[in-house]
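J.: Input file: my_file.cif. Contents: mmCIF, C-alpha atoms.
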```
data_model
#
loop_
_atom_site.group_PDB
_atom_site.id
_atom_site.type_symbol
_atom_site.label_atom_id
_atom_site.label_comp_id
_atom_site.auth_asym_id
_atom_site.auth_seq_id
_atom_site.Cartn_x
_atom_site.Cartn_y
_atom_site.Cartn_z
ATOM 1 C CA MET Y 1 0.000 0.000 0.000
ATOM 2 C CA SER Y 2 1.352 3.412 -0.919
ATOM 3 C CA ASP Y 3 1.724 6.066 1.727
ATOM 4 C CA SER Y 4 -1.549 7.952 2.020
ATOM 5 C CA PRO Y 5 -1.562 11.757 2.339
ATOM 6 C CA VAL Y 6 -2.890 11.390 5.886
ATOM 7 C CA LEU Y 7 -0.033 9.115 6.936
ATOM 8 C CA SER Y 8 2.501 11.362 5.222
ATOM 9 C CA LYS Y 9 1.189 14.389 7.088
ATOM 10 C CA TRP Y 10 1.145 12.420 10.367
ATOM 11 C CA ASN Y 11 4.792 11.434 9.882
ATOM 12 C CA GLU Y 12 5.650 15.055 9.114
ATOM 13 C CA LEU Y 13 3.934 16.138 12.326
ATOM 14 C CA LYS Y 14 5.801 13.537 14.393
ATOM 15 C CA SER Y 15 9.075 14.657 12.833
ATOM 16 C CA LEU Y 16 8.368 18.285 13.735
ATOM 17 C CA VAL Y 17 7.680 17.347 17.348
ATOM 18 C CA GLU Y 18 10.872 15.306 17.572
ATOM 19 C CA SER Y 19 12.935 18.132 16.064
ATOM 20 C CA LEU Y 20 11.821 20.532 18.805
ATOM 21 C CA GLU Y 21 12.917 18.407 21.734
ATOM 22 C CA ALA Y 22 16.443 19.831 22.053
ATOM 23 C CA ASP Y 23 15.244 23.436 21.795
ATOM 24 C CA VAL Y 24 12.518 22.878 24.397
ATOM 25 C CA GLU Y 25 15.099 21.466 26.792
ATOM 26 C CA LYS Y 26 17.473 24.381 26.146
ATOM 27 C CA ASN Y 27 14.646 26.861 26.651
ATOM 28 C CA ALA Y 28 13.755 25.187 29.951
ATOM 29 C CA ARG Y 29 17.338 25.880 31.059
ATOM 30 C CA GLY Y 30 16.924 29.562 30.175
ATOM 31 C CA VAL Y 31 18.324 29.883 26.653
ATOM 32 C CA ALA Y 32 16.197 32.631 25.099
ATOM 33 C CA ALA Y 33 17.148 31.882 21.487
ATOM 34 C CA ALA Y 34 15.943 28.320 21.939
ATOM 35 C CA GLY Y 35 12.611 29.739 23.115
ATOM 36 C CA VAL Y 36 12.268 31.662 19.865
ATOM 37 C CA ARG Y 37 13.006 28.511 17.854
ATOM 38 C CA THR Y 38 10.595 26.535 20.001
ATOM 39 C CA ARG Y 39 7.745 28.972 19.440
ATOM 40 C CA LYS Y 40 8.432 29.006 15.702
ATOM 41 C CA GLY Y 41 8.398 25.208 15.680
ATOM 42 C CA LEU Y 42 5.164 25.129 17.661
ATOM 43 C CA ARG Y 43 3.542 27.371 15.060
ATOM 44 C CA GLN Y 44 4.713 24.935 12.374
ATOM 45 C CA ILE Y 45 3.213 22.069 14.376
ATOM 46 C CA GLN Y 46 -0.040 23.999 14.692
ATOM 47 C CA ASN Y 47 -0.210 24.559 10.932
ATOM 48 C CA CYS Y 48 0.667 20.946 10.180
ATOM 49 C CA SER Y 49 -2.033 19.796 12.603
ATOM 50 C CA LYS Y 50 -4.604 21.959 10.860
ATOM 51 C CA GLU Y 51 -3.606 20.481 7.512
ATOM 52 C CA LEU Y 52 -3.926 16.974 8.943
ATOM 53 C CA VAL Y 53 -7.421 17.738 10.209
ATOM 54 C CA LYS Y 54 -8.409 19.064 6.773
ATOM 55 C CA LEU Y 55 -7.026 15.957 5.077
ATOM 56 C CA THR Y 56 -8.934 13.617 7.364
ATOM 57 C CA ILE Y 57 -12.174 15.547 6.864
ATOM 58 C CA GLU Y 58 -11.716 15.467 3.084
ATOM 59 C CA LEU Y 59 -11.031 11.738 3.218
ATOM 60 C CA GLU Y 60 -14.141 11.080 5.302
ATOM 61 C CA LYS Y 61 -16.261 13.158 2.925
ATOM 62 C CA ALA Y 62 -14.878 11.285 -0.076
ATOM 63 C CA VAL Y 63 -15.602 7.910 1.513
ATOM 64 C CA LYS Y 64 -19.090 9.023 2.498
ATOM 65 C CA ALA Y 65 -19.795 10.332 -1.019
ATOM 66 C CA GLU Y 66 -18.540 7.108 -2.541
ATOM 67 C CA LYS Y 67 -20.794 5.034 -0.316
ATOM 68 C CA SER Y 68 -23.843 7.162 -1.050
ATOM 69 C CA SER Y 69 -23.288 6.933 -4.817
ATOM 70 C CA GLN Y 70 -23.337 3.147 -4.733
#
```
Could you take the file, read its structure, and then write that structure out as structure tokens?

T.:
Amino acid sequence: MSDSPVLSKWNELKSLVESLEADVEKNARGVAAAGVRTRKGLRQIQNCSKELVKLTIELEKAVKAEKSSQ
């Protein structure tokens, strides 16, 4: 089975979360620049999450439409 758009987006989201770990830890120790990077990364996560929600809704609508046309 090929990688679906939903799974691709999910993997992208997981990768974003993992990439922030070091900066979150640095920010917790008081490194201000890491805080800036963390907030930027969190905004990217937020946007990716929104895209994932849209993809899942579109998929559900497509499946529902396909079932109703049968």

J.: Between Y:Ala22, Y:Ala34, Y:Ile45, Y:Leu52, which is the closest to Y:Trp10 once you count all atoms listed in the file?

T.: Y:Leu52

J.: Find the spatial neighbours of Y:Val24, counting all atoms listed in the file, within a cut-off of 10 Å - ignore same-chain residues fewer than 6 positions away - and output them as a PyMOL selection string.

T.: chain Y and resi 30-31+34-39+41

J.: Please indicate the distance in Å from atom CA of Y:Ser19 to atom CA of Y:Ala32, rounded to one decimal place.

T.: 17.4 Å

J.: Name every residue that the PyMOL selection byres ((chain Y and resi 2-9) around 12) selects in this structure, writing the answer as a PyMOL selection string with chains first and numbers rising.

T.: chain Y and resi 1+10-16+45+47-60

J.: What does the distance between atom CA of Y:Gln44 and atom CA of Y:Asp23 come to in Å, to one decimal place?

T.: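 Taking atom CA of Y:Gln44 as the start and atom CA of Y:Asp23 as the end point, the length is 14.2 Å.
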
J.: Mind working out the centre and edge lengths of an axis-aligned box for stretch 58-69 of chain Y, all listed atoms inside, 5 Å added to each side, rounded to one decimal in Å and written as JSON?

T.:
```
{"center_x": -17.4, "center_y": 10.3, "center_z": 0.2, "size_x": 22.8, "size_y": 20.4, "size_z": 20.1}
```

J.: Go through Y:Lys67, Y:Lys61, Y:Arg29, Y:Lys40 one by one, measure the shortest atom-to-atom distance of each to Y:Val17 using only C-alpha atoms, and give the residue with the smallest value.

T.: Y:Lys40
